[in-house]
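Data from my_file02.txt: compact mmCIF, C-alpha atoms
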```txt
# COMPACT_ATOMS: atom_id res chain seq x y z
CA MET A 26 0.00 0.00 0.00
CA ALA A 27 1.08 3.53 -0.58
CA ASP A 28 2.52 5.61 2.17
CA HIS A 29 -0.51 6.73 4.09
CA GLU A 30 1.21 9.11 6.41
CA SER A 31 1.89 11.94 4.00
CA GLY A 32 -0.04 15.12 4.41
CA THR A 33 -1.78 16.65 7.36
CA GLY A 34 -4.08 14.45 9.40
CA ASP A 35 -7.25 16.17 8.25
CA ALA A 36 -6.36 16.23 4.58
CA ALA A 37 -5.28 12.63 4.65
CA ALA A 38 -8.44 11.63 6.48
CA ASP A 39 -10.60 13.50 3.99
CA ALA A 40 -8.75 11.91 1.10
CA LEU A 41 -9.23 8.48 2.62
CA ARG A 42 -12.91 9.06 3.24
CA ALA A 43 -13.39 10.16 -0.33
CA ALA A 44 -11.55 7.11 -1.61
CA ILE A 45 -13.44 4.59 0.44
CA THR A 46 -16.88 6.03 -0.17
CA ASP A 47 -16.42 6.78 -3.88
CA GLU A 48 -18.07 10.10 -3.30
CA PRO A 49 -17.40 12.86 -5.78
CA LEU A 50 -14.66 15.20 -4.66
CA PRO A 51 -15.43 18.85 -4.00
CA ASP A 52 -14.64 21.16 -6.86
CA GLY A 53 -11.02 22.10 -6.85
CA ALA A 54 -10.03 19.51 -4.28
CA LEU A 55 -7.50 17.94 -6.57
CA GLU A 56 -5.88 21.27 -7.19
CA ASP A 57 -4.43 20.93 -3.72
CA GLU A 58 -1.35 18.87 -4.40
CA GLU A 59 -1.18 17.48 -0.92
CA PHE A 60 -4.78 16.35 -1.01
CA ALA A 61 -4.35 14.96 -4.49
CA ALA A 62 -1.37 12.91 -3.37
CA ASP A 63 -3.22 11.62 -0.33
CA HIS A 64 -6.20 10.77 -2.47
CA ARG A 65 -4.11 8.86 -4.98
CA ALA A 66 -2.46 6.94 -2.16
CA ALA A 67 -5.81 6.15 -0.60
CA LEU A 68 -7.23 4.99 -3.92
CA ALA A 69 -4.24 2.73 -4.42
CA ASP A 70 -4.60 1.28 -0.93
CA VAL A 71 -8.31 0.68 -1.43
CA ALA A 72 -7.58 -1.08 -4.71
CA VAL A 73 -5.09 -3.35 -2.94
CA LEU A 74 -7.58 -4.00 -0.17
CA ARG A 75 -10.29 -4.90 -2.65
CA GLU A 76 -7.98 -7.24 -4.46
CA GLN A 77 -6.82 -8.88 -1.27
CA LEU A 78 -10.33 -9.37 0.05
CA LYS A 79 -11.34 -11.04 -3.18
CA MET A 80 -8.29 -13.31 -3.07
CA ILE A 81 -8.68 -14.16 0.59
CA GLY A 82 -12.41 -14.70 0.23
CA ALA A 83 -11.89 -16.98 -2.75
CA ALA A 84 -9.24 -18.96 -0.91
CA LEU A 85 -11.29 -19.37 2.24
CA ALA A 86 -14.46 -20.24 0.35
CA GLU A 87 -12.80 -23.29 -1.16
CA PRO A 88 -13.59 -26.49 0.70
CA GLU A 89 -10.66 -28.09 2.48
CA ALA A 90 -8.72 -30.80 0.77
CA PRO A 91 -8.60 -34.18 2.46
CA PRO A 92 -5.33 -34.92 4.22
CA GLY A 93 -2.77 -36.41 1.96
CA ASP A 94 -3.92 -34.65 -1.14
CA PRO A 95 -1.09 -32.79 -2.76
CA ALA A 96 -3.35 -29.88 -3.45
CA PRO A 97 -6.89 -29.00 -2.62
CA ARG A 98 -9.37 -30.41 -5.05
CA ARG A 99 -10.77 -27.80 -7.25
CA SER A 100 -13.94 -27.94 -9.09
CA ALA A 101 -13.60 -28.86 -12.69
CA GLY A 102 -15.66 -25.79 -13.20
CA ARG A 103 -14.70 -22.38 -14.30
CA PRO A 104 -12.93 -19.91 -12.02
CA ASP A 105 -16.12 -18.02 -11.48
CA GLY A 106 -17.63 -21.08 -9.89
CA THR A 107 -19.91 -22.14 -12.70
CA PRO A 108 -19.64 -25.80 -13.52
CA GLY A 109 -17.39 -26.86 -16.31
CA LYS A 110 -18.20 -29.48 -18.82
CA GLY A 111 -18.43 -32.83 -17.22
CA SER A 112 -17.71 -31.58 -13.73
CA ARG A 113 -19.37 -33.46 -10.95
CA ARG A 114 -20.71 -30.97 -8.55
CA PRO A 115 -21.37 -31.77 -4.98
CA ARG A 116 -24.95 -32.08 -3.99
CA ALA A 117 -24.76 -28.71 -2.32
CA ARG A 118 -24.40 -27.10 -5.71
CA ARG A 119 -27.37 -28.78 -7.28
CA ALA A 120 -30.39 -26.74 -8.00
CA PHE A 121 -32.76 -26.32 -5.16
CA ALA A 122 -36.43 -25.83 -5.17
CA VAL A 123 -37.57 -22.32 -4.64
CA GLY A 124 -39.90 -22.48 -1.73
CA THR A 125 -40.31 -20.61 1.46
CA MET A 126 -38.31 -22.50 4.00
CA ILE A 127 -35.71 -25.18 4.10
CA ALA A 128 -35.27 -27.57 6.96
CA THR A 129 -35.66 -25.45 10.06
CA ALA A 130 -33.77 -28.05 12.01
CA LEU A 131 -30.78 -26.70 10.18
CA ALA A 132 -30.87 -23.62 12.34
CA GLY A 133 -30.08 -25.69 15.37
CA VAL A 134 -27.55 -27.89 13.71
CA VAL A 135 -23.97 -26.87 13.37
CA VAL A 136 -22.74 -29.67 11.30
CA GLY A 137 -20.03 -28.82 8.91
CA MET A 138 -20.66 -30.85 5.83
CA SER A 139 -18.53 -29.16 3.32
CA TRP A 140 -17.75 -32.43 1.68
CA LEU A 141 -19.70 -34.84 -0.28
CA VAL A 142 -18.60 -38.30 -1.02
CA ALA A 143 -17.50 -38.81 -4.58
CA ARG A 144 -20.03 -41.20 -5.87
CA GLY A 145 -19.27 -43.64 -8.55
CA GLY A 146 -22.62 -44.26 -10.04
CA GLY A 147 -24.82 -41.28 -9.66
CA ASP A 148 -26.90 -40.19 -6.79
CA GLY A 149 -29.92 -41.39 -5.04
CA VAL A 150 -30.78 -44.36 -3.04
CA SER A 151 -32.19 -46.95 -5.26
CA SER A 152 -35.55 -48.28 -4.62
CA SER A 153 -36.11 -51.94 -4.37
CA ASP A 154 -39.56 -51.27 -5.69
CA ALA A 155 -39.18 -51.04 -9.41
CA SER A 156 -42.56 -49.42 -9.74
CA SER A 157 -41.75 -46.68 -7.30
CA SER A 158 -40.33 -43.28 -7.78
CA LYS A 159 -39.36 -41.72 -11.00
CA GLN A 160 -35.81 -41.68 -12.19
CA ASP A 161 -33.65 -38.93 -10.87
CA ALA A 162 -33.31 -36.20 -13.39
CA ASP A 163 -29.55 -36.45 -13.24
CA GLY A 164 -29.31 -39.94 -14.54
CA GLY A 165 -31.37 -42.03 -12.27
CA ALA A 166 -30.62 -45.10 -10.33
CA THR A 167 -28.53 -47.65 -12.09
CA ASP A 168 -29.04 -51.34 -11.71
CA SER A 169 -26.06 -51.49 -9.42
CA GLU A 170 -27.70 -49.02 -7.12
CA LYS A 171 -30.98 -50.80 -6.91
CA ALA A 172 -30.43 -52.34 -3.54
CA GLY A 173 -32.39 -50.00 -1.41
CA GLY A 174 -30.24 -47.73 0.64
CA ALA A 175 -28.35 -50.55 2.24
CA ARG A 176 -25.48 -50.86 -0.19
CA ASN A 177 -24.32 -47.30 0.20
CA GLY A 178 -25.93 -46.85 3.57
CA PRO A 179 -22.92 -45.84 5.68
CA ILE A 180 -21.72 -43.41 3.05
CA ARG A 181 -25.14 -41.97 2.56
CA ILE A 182 -25.57 -41.50 6.29
CA ALA A 183 -22.10 -40.06 6.64
CA CYS A 184 -23.01 -37.40 4.12
CA ALA A 185 -26.49 -36.83 5.43
CA ARG A 186 -27.16 -33.69 7.33
CA ILE A 187 -30.58 -34.67 8.62
CA VAL A 188 -32.21 -38.06 8.99
CA VAL A 189 -35.58 -38.04 10.72
CA GLU A 190 -38.90 -39.75 10.97
CA GLY A 191 -42.10 -37.97 11.65
CA THR A 192 -45.55 -36.94 10.58
CA VAL A 193 -46.38 -34.52 7.82
CA VAL A 194 -48.27 -31.68 9.47
CA ARG A 195 -48.39 -29.16 6.70
CA VAL A 196 -48.09 -29.02 2.95
CA GLU A 197 -48.48 -25.59 1.52
CA GLY A 198 -47.67 -24.12 -1.80
CA ALA A 199 -44.88 -21.58 -1.96
CA PRO A 200 -46.24 -18.45 -3.63
CA GLY A 201 -44.98 -17.80 -7.08
CA THR A 202 -43.32 -21.16 -7.35
CA ARG A 203 -44.21 -24.67 -8.26
CA GLN A 204 -42.99 -25.96 -4.96
CA ASP A 205 -44.70 -27.21 -1.89
CA LEU A 206 -43.31 -26.57 1.52
CA VAL A 207 -43.58 -29.68 3.58
CA THR A 208 -43.43 -29.49 7.36
CA VAL A 209 -42.75 -32.66 9.30
CA ASP A 210 -43.31 -32.97 13.01
CA VAL A 211 -40.28 -34.99 13.98
CA ASP A 212 -40.87 -38.05 16.10
CA ARG A 213 -37.35 -39.34 15.92
CA TYR A 214 -33.97 -37.95 14.98
CA TYR A 215 -31.41 -40.35 13.59
CA LYS A 216 -28.99 -37.68 12.61
CA PRO A 217 -28.23 -35.46 14.36
CA GLU A 218 -29.14 -36.98 17.66
CA GLU A 219 -31.56 -34.22 18.41
CA GLY A 220 -32.98 -31.13 16.86
CA LYS A 221 -36.00 -28.96 16.49
CA GLY A 222 -39.48 -30.32 16.74
CA GLU A 223 -40.30 -29.62 13.13
CA ILE A 224 -38.41 -29.49 9.89
CA THR A 225 -39.60 -27.85 6.72
CA PHE A 226 -38.31 -28.42 3.23
CA PRO A 227 -39.39 -27.74 -0.33
CA MET A 228 -40.67 -30.41 -2.66
CA ALA A 229 -41.76 -30.32 -6.26
CA MET A 230 -45.46 -29.66 -6.39
CA ASP A 231 -46.10 -32.48 -8.77
CA ALA A 232 -44.33 -35.15 -6.77
CA HIS A 233 -46.29 -38.34 -6.99
CA PRO A 234 -48.00 -39.50 -4.93
CA PRO A 235 -48.61 -36.17 -3.27
CA LEU A 236 -47.77 -35.80 0.38
CA ARG A 237 -50.64 -35.21 2.70
CA ARG A 238 -51.06 -34.04 6.22
CA GLY A 239 -50.91 -37.05 8.48
CA ASP A 240 -48.55 -39.07 6.29
CA GLN A 241 -45.75 -40.76 8.16
CA ALA A 242 -42.47 -39.91 6.50
CA LEU A 243 -38.80 -40.72 6.72
CA VAL A 244 -36.62 -37.91 5.45
CA VAL A 245 -32.94 -37.82 4.53
CA ILE A 246 -31.36 -34.52 3.51
CA SER A 247 -27.73 -34.48 2.54
CA GLY A 248 -24.91 -32.02 2.40
CA GLY A 249 -26.01 -28.57 1.47
CA ALA A 250 -29.23 -29.66 -0.17
CA ALA A 251 -32.57 -28.12 0.64
CA THR A 252 -34.69 -30.90 -0.77
CA PRO A 253 -34.54 -34.42 0.58
CA ASP A 254 -32.57 -37.11 -1.12
CA ILE A 255 -34.92 -39.63 0.35
CA LEU A 256 -38.51 -39.14 1.32
CA THR A 257 -40.26 -42.34 2.14
CA THR A 258 -43.83 -42.87 3.15
CA GLY A 259 -45.77 -46.00 3.92
CA GLU A 260 -45.28 -48.16 6.92
CA ARG A 261 -43.57 -51.00 5.13
CA GLU A 262 -41.24 -48.79 3.15
CA ILE A 263 -40.34 -46.72 6.18
CA ALA A 264 -39.55 -49.89 8.11
CA TYR A 265 -37.25 -50.99 5.30
CA ASP A 266 -35.38 -47.69 5.29
CA ARG A 267 -35.28 -47.54 9.05
CA ALA A 268 -33.55 -50.90 9.16
CA TRP A 269 -30.66 -49.95 6.89
CA ILE A 270 -30.33 -46.53 8.47
CA LEU A 271 -30.02 -48.01 11.95
CA LYS A 272 -27.42 -50.41 10.65
CA ALA A 273 -25.56 -47.72 8.80
CA LEU A 274 -25.46 -45.16 11.59
CA PRO A 275 -22.64 -46.68 13.65
CA GLU A 276 -20.75 -47.57 10.48
CA ALA A 277 -21.06 -44.03 9.26
CA ASP A 278 -19.39 -42.71 12.38
CA GLY A 279 -15.95 -43.45 11.15
CA LEU A 280 -16.60 -42.33 7.62
CA ARG A 281 -15.79 -38.98 6.22
CA CYS A 282 -17.48 -37.40 3.30
CA THR A 283 -14.84 -36.47 0.80
CA GLY A 284 -15.00 -33.59 -1.55
CA ARG A 285 -15.19 -33.39 -5.25
CA MET B 11 -46.75 -45.75 -5.02
CA LEU B 12 -45.62 -45.78 -1.49
CA ARG B 13 -42.03 -44.87 -1.83
CA ARG B 14 -40.83 -41.62 -3.14
CA ARG B 15 -37.46 -40.21 -3.83
CA ALA B 16 -37.00 -36.50 -3.84
CA ARG B 17 -36.19 -35.26 -7.25
CA ARG B 18 -32.82 -33.81 -7.87
CA VAL B 19 -32.26 -31.59 -10.79
CA GLN B 20 -29.43 -31.39 -13.20
CA GLU B 21 -27.46 -28.24 -12.72
CA ASP B 22 -27.84 -27.13 -16.28
CA GLY B 23 -31.53 -27.47 -16.03
CA ALA B 24 -31.85 -25.54 -12.87
CA ALA B 25 -31.46 -22.04 -14.14
CA THR B 26 -33.55 -22.52 -17.20
CA GLY B 27 -36.45 -23.87 -15.34
CA GLU B 28 -38.34 -26.74 -16.77
CA THR B 29 -37.45 -30.20 -15.81
CA ALA B 30 -39.53 -33.27 -15.91
CA GLY B 31 -40.84 -32.36 -12.53
CA GLY B 32 -41.27 -28.64 -13.07
CA PRO B 33 -39.01 -25.68 -12.52
CA LEU B 34 -36.66 -25.97 -9.59
CA ASP B 35 -34.53 -22.93 -9.11
CA ASP B 36 -31.82 -22.51 -6.59
CA PRO B 37 -32.26 -19.06 -5.09
CA LEU B 38 -28.48 -18.74 -5.26
CA ASP B 39 -26.57 -19.54 -8.39
CA ALA B 40 -23.09 -21.00 -8.19
CA VAL B 41 -21.35 -17.65 -8.33
CA GLN B 42 -23.61 -16.18 -5.69
CA GLU B 43 -23.06 -19.16 -3.47
CA ARG B 44 -19.31 -18.74 -3.71
CA ARG B 45 -19.65 -15.09 -2.80
CA VAL B 46 -21.79 -15.98 0.19
CA ARG B 47 -19.22 -18.53 1.32
CA ALA B 48 -16.49 -15.95 0.98
CA VAL B 49 -18.41 -13.31 2.93
CA LEU B 50 -19.07 -15.83 5.68
CA ALA B 51 -15.44 -16.91 5.74
CA LEU B 52 -14.19 -13.33 5.77
CA GLY B 53 -16.50 -12.78 8.71
CA GLY B 54 -14.78 -15.54 10.63
CA VAL B 55 -17.33 -18.32 10.22
CA PRO B 56 -15.38 -21.56 10.54
CA GLN B 57 -14.76 -23.55 7.39
CA ALA B 58 -16.82 -26.46 8.64
CA ASP B 59 -19.82 -24.23 9.17
CA LEU B 60 -19.81 -22.53 5.79
CA PRO B 61 -22.38 -24.88 4.22
CA ASP B 62 -24.66 -24.29 7.18
CA GLY B 63 -24.26 -20.57 6.72
CA VAL B 64 -25.01 -20.80 3.01
CA GLN B 65 -28.15 -22.72 3.77
CA GLN B 66 -29.18 -20.07 6.26
CA VAL B 67 -28.86 -17.48 3.52
CA ARG B 68 -30.94 -19.64 1.21
CA LEU B 69 -33.52 -19.97 3.95
CA ARG B 70 -33.78 -16.22 4.34
CA LEU B 71 -34.17 -15.78 0.62
CA LEU B 72 -36.85 -18.42 0.43
CA GLU B 73 -38.64 -16.94 3.40
CA ARG B 74 -38.59 -13.59 1.71
CA ALA B 75 -40.04 -15.10 -1.44
CA ALA B 76 -42.76 -16.79 0.54
CA SER B 77 -43.65 -13.65 2.40
CA GLY B 78 -44.62 -12.02 -0.86
CA ALA B 79 -41.89 -9.44 -0.60
CA GLY B 80 -40.52 -10.57 -3.92
CA ALA B 81 -36.96 -11.21 -4.87
CA PRO B 82 -34.39 -8.61 -3.83
CA ARG B 83 -33.48 -6.18 -6.56
CA ASP B 84 -29.90 -7.33 -6.28
CA VAL B 85 -29.79 -10.88 -5.00
CA SER B 86 -26.01 -10.92 -4.72
CA ALA B 87 -25.89 -7.78 -2.65
CA TRP B 88 -28.76 -8.88 -0.47
CA ALA B 89 -27.21 -12.30 0.07
CA ALA B 90 -23.89 -10.69 0.97
CA VAL B 91 -25.58 -8.56 3.61
CA VAL B 92 -27.44 -11.53 5.06
CA ALA B 93 -24.22 -13.53 5.11
CA SER B 94 -22.34 -10.73 6.81
CA ASN B 95 -25.02 -10.47 9.47
CA LEU B 96 -24.85 -14.20 9.99
CA ALA B 97 -21.11 -13.95 10.46
CA VAL B 98 -21.54 -11.27 13.10
CA ASP B 99 -24.25 -13.31 14.81
CA TRP B 100 -22.03 -16.35 14.69
CA HIS B 101 -19.51 -14.63 16.82
CA ARG B 102 -22.09 -13.17 19.16
CA ALA B 103 -23.57 -16.61 19.69
CA ARG B 104 -20.18 -17.53 21.08
CA ARG B 105 -19.59 -20.06 18.44
CA ARG B 106 -16.03 -20.58 17.61
CA GLN B 107 -14.93 -17.85 15.33
CA GLU B 108 -12.17 -18.85 13.06
CA ARG B 109 -9.30 -16.48 12.76
CA ILE B 110 -9.02 -16.10 9.07
CA GLY B 111 -5.33 -15.36 9.34
CA GLU B 112 -4.75 -18.80 10.79
CA ARG B 113 -7.08 -20.37 8.29
CA LEU B 114 -5.36 -18.68 5.40
CA ALA B 115 -1.93 -19.61 6.72
CA SER B 116 -2.97 -23.24 6.95
CA LEU B 117 -4.02 -23.44 3.33
CA ARG B 118 -1.68 -25.17 0.98
CA PRO B 119 0.15 -22.82 -1.33
CA ALA B 120 -1.78 -24.04 -4.36
CA ALA B 121 -5.01 -23.06 -2.68
CA HIS B 122 -3.79 -19.87 -1.18
CA ALA B 123 -2.06 -18.21 -4.07
CA VAL B 124 -4.73 -17.28 -6.51
CA ASP B 125 -2.17 -15.96 -8.86
CA ASP B 126 1.50 -16.61 -9.33
CA SER B 127 2.85 -13.40 -7.91
CA GLY B 128 4.53 -15.42 -5.24
CA GLU B 129 5.67 -14.88 -1.75
CA ASP B 130 4.98 -11.15 -1.59
CA THR B 131 1.34 -11.70 -2.36
CA LYS B 132 1.07 -14.39 0.23
CA VAL B 133 2.69 -12.23 2.88
CA LEU B 134 0.38 -9.36 2.02
CA SER B 135 -2.67 -11.60 2.06
CA LEU B 136 -1.74 -13.01 5.44
CA ALA B 137 -1.19 -9.55 6.81
CA VAL B 138 -4.56 -8.36 5.53
CA ALA B 139 -6.21 -11.46 6.94
CA ARG B 140 -4.68 -10.89 10.35
CA GLY B 141 -5.71 -7.28 10.17
CA LEU B 142 -9.26 -8.38 9.49
CA ASP B 143 -9.11 -10.63 12.53
CA GLU B 144 -8.29 -7.65 14.69
CA LEU B 145 -11.15 -5.50 13.51
CA PRO B 146 -14.30 -5.23 15.57
CA ASP B 147 -17.12 -7.25 14.07
CA ALA B 148 -19.08 -4.20 12.98
CA GLN B 149 -16.13 -2.70 11.14
CA ARG B 150 -15.17 -5.95 9.51
CA GLN B 151 -18.71 -6.54 8.37
CA ILE B 152 -18.93 -3.18 6.65
CA LEU B 153 -15.46 -3.51 5.18
CA VAL B 154 -16.36 -6.85 3.62
CA LEU B 155 -19.66 -5.53 2.29
CA ARG B 156 -17.97 -2.49 0.79
CA PHE B 157 -14.82 -3.95 -0.64
CA TYR B 158 -15.60 -7.60 -1.18
CA ALA B 159 -19.27 -7.43 -2.08
CA ASP B 160 -18.85 -3.95 -3.65
CA LEU B 161 -21.97 -2.55 -2.10
CA PRO B 162 -22.27 1.23 -2.10
CA VAL B 163 -22.32 3.04 1.21
CA ARG B 164 -25.96 3.96 0.85
CA GLY B 165 -26.88 0.37 0.06
CA ILE B 166 -25.04 -0.90 3.10
CA ALA B 167 -26.77 1.65 5.30
CA GLU B 168 -30.19 0.71 3.95
CA GLU B 169 -29.66 -3.01 4.26
CA LEU B 170 -28.23 -2.85 7.74
CA GLY B 171 -30.68 -0.22 8.87
CA ILE B 172 -28.02 2.15 10.12
CA PRO B 173 -27.18 5.73 9.18
CA GLU B 174 -24.87 6.37 6.26
CA GLY B 175 -22.64 8.33 8.57
CA THR B 176 -22.18 5.29 10.73
CA VAL B 177 -21.24 3.22 7.71
CA LYS B 178 -18.72 5.81 6.63
CA SER B 179 -17.17 6.17 10.05
CA ARG B 180 -16.83 2.42 10.53
CA LEU B 181 -15.42 2.04 7.07
CA HIS B 182 -12.95 4.80 7.64
CA ALA B 183 -11.86 3.34 10.97
CA ALA B 184 -11.47 -0.12 9.47
CA VAL B 185 -9.41 0.98 6.51
CA ARG B 186 -7.30 3.25 8.63
CA ALA B 187 -6.61 0.42 11.06
CA LEU B 188 -5.68 -1.93 8.24
CA ARG B 189 -3.41 0.60 6.60
CA THR B 190 -1.68 1.23 9.90
CA ARG B 191 -1.21 -2.44 10.56
CA LEU B 192 0.11 -3.18 7.12
CA HIS B 193 2.51 -0.33 7.44
CA GLU B 194 3.71 -1.60 10.78
CA ASP B 195 4.13 -5.06 9.31
CA GLU B 196 6.12 -3.48 6.54
CA VAL B 197 4.26 -5.35 3.88
CA VAL B 198 3.38 -2.18 2.02
```

Structure encoded using structure tokens:
Amino acid sequence: MADHESGTGDAAADALRAAITDEPLPDGALEDEEFAADHRAALADVAVLREQLKMIGAALAEPEAPPGDPAPRRSAGRPDGTPGKGSRRPRARRAFAVGTMIATALAGVVVGMSWLVARGGGDGVSSSDASSSKQDADGGATDSEKAGGARNGPIRIACARIVVEGTVVRVEGAPGTRQDLVTVDVDRYYKPEEGKGEITFPMAMDAHPPLRRGDQALVVISGGAATPDILTTGEREIAYDRAWILKALPEADGLRCTGR
Amino acid sequence: MLRRRARRVQEDGAATGETAGGPLDDPLDAVQERRVRAVLALGGVPQADLPDGVQQVRLRLLERAASGAGAPRDVSAWAAVVASNLAVDWHRARRRQERIGERLASLRPAAHAVDDSGEDTKVLSLAVARGLDELPDAQRQILVLRFYADLPVRGIAEELGIPEGTVKSRLHAAVRALRTRLHEDEVV
């Protein structure tokens, strides 16, 4: 940064104020050589500060690399953060439904999940019921994934931010969107161990079958997502998911979600 | 059908809207999300809590949409302000506030050096980061909003609900403190 001590205190302070606020200078101000010099120095310092903040912010915003990596993993995307061709983005960077509220349990959960496991075959827990849910828009469940959640259970739980069971108490449309906001009164937290009494998340309005008040639901929300990865209703189906989740929970303890 | 899987949307479909299940738009695009992460990090929110913070910003934006207030005129600026407030609140809630100087120093060189200007840049960056750590929360918040998020003084005042004069005085104090520190560190 330029020498900031030149000039009288008042002139230097005025020059600095002008530089940092981008306010127009009074007429004739720059005719004062001392002021002009202070102003140039202040502008130069502000430019350096701006540049440094951008650099520091960019560096700190990058997720940490796993230990042992020679360098932090960078997105295959472009420097401005938009995805590059073929880049696999973590779930947190997927599109989210526009709704009114995401899981309110999040507010009470300080769980740093800046990593997502690098998946080999696409996302989503496969359903053992071939007639059940539609394919995921990003490629869908492959045959190898069609083993319920059990096959990838520990990994899925390790990367999950919220895993709960409860009762749907409210389904309301988010104004101006094609999303529903679903509120679940939580009966049981699997992950984290405890949280708020209700969670709310957005869901596509045309999800089929539609959720209704009173439905029992098991919800898994991962990473930085707003919408659930898994939303299961029906006693039998919930029991199936509950079983692999309970099995996976202790196994997930030692696992670490790894970044892209 | 008793089992349902929440739909996830391809990234390239998100911004343009229609997918098989209808338009699903992230209130923050990738660039905005990175900016939010950076504002949070510059405010001392620990690395591990950045995703949580980003989600909190999303939540506020979605709540705003639901309330009928409509989208902010400048989503990036609005999100930066919300993120900066979250960072201040993070500290006030006595959560561990990460000293960004330490965080920056712990980054591997490949991550830290955005360009190739070498050791001088790194030293300067570390000095600025440590200077930021020493600023009071209110000054740091306004500094980040002004010089990272590029918000005008009036915009900062309006968003934070404080007088413009307060913004200017905090900004002035913050920059003056940083300049003094950097001079003392002899990095400038």

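Here atom CA of Val188 of chain A is placed at a distance of 7.2 Å from atom CA of Pro217 of chain A.
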
(message) Which residues are close to segment 91-101 of chain B, i.e. within 10 Å by all atoms listed in the file, leaving aside same-chain residues fewer than 6 positions away? Reply as a PyMOL selection string.
(response) chain B and resi 45-56+59-60+63-64+66-68+70-71+85+107-108+146-148+150-152+154-155+159+161+165-166+169-170

(request) Using all atoms listed in the file, determine which residues lie at most 8 Å from Gly239 of chain A, disregarding the query and same-chain residues fewer than 2 positions distant; provide the list as a list in words. (result) Thr192, Val193, Val194, Arg237 and Gln241 of chain A

(request) Find the spatial neighbours of Pro51 of chain A, counting all atoms listed in the file, within a cut-off of 12 Å - ignore same-chain residues fewer than 3 positions away - and output them as number ranges by chain. (result) A: 39-40, 43, 48, 54-57, 60-61

(message) Using all atoms listed in the file - which residues lie no farther than 10 Å from the point (-0.3, -10.4, 5.8) in the file's frame? Write them as a PyMOL selection string.
(response) (chain A and resi 77) or (chain B and resi 111+114-115+130-142+191-192+195-198)

Residues near Arg164 of chain B, anyone? I mean within 7 Å using only C-alpha atoms, not counting same-chain ones fewer than 3 positions away, as a PDB file with C-alpha atoms, keeping the file's coordinate frame.
```
ATOM      1  CA  ALA B 167     -26.770   1.650   5.300  1.00  0.00           C
ATOM      2  CA  GLU B 168     -30.190   0.710   3.950  1.00  0.00           C
ATOM      3  CA  GLU B 174     -24.870   6.370   6.260  1.00  0.00           C
TER       4      GLU B 174
END
```
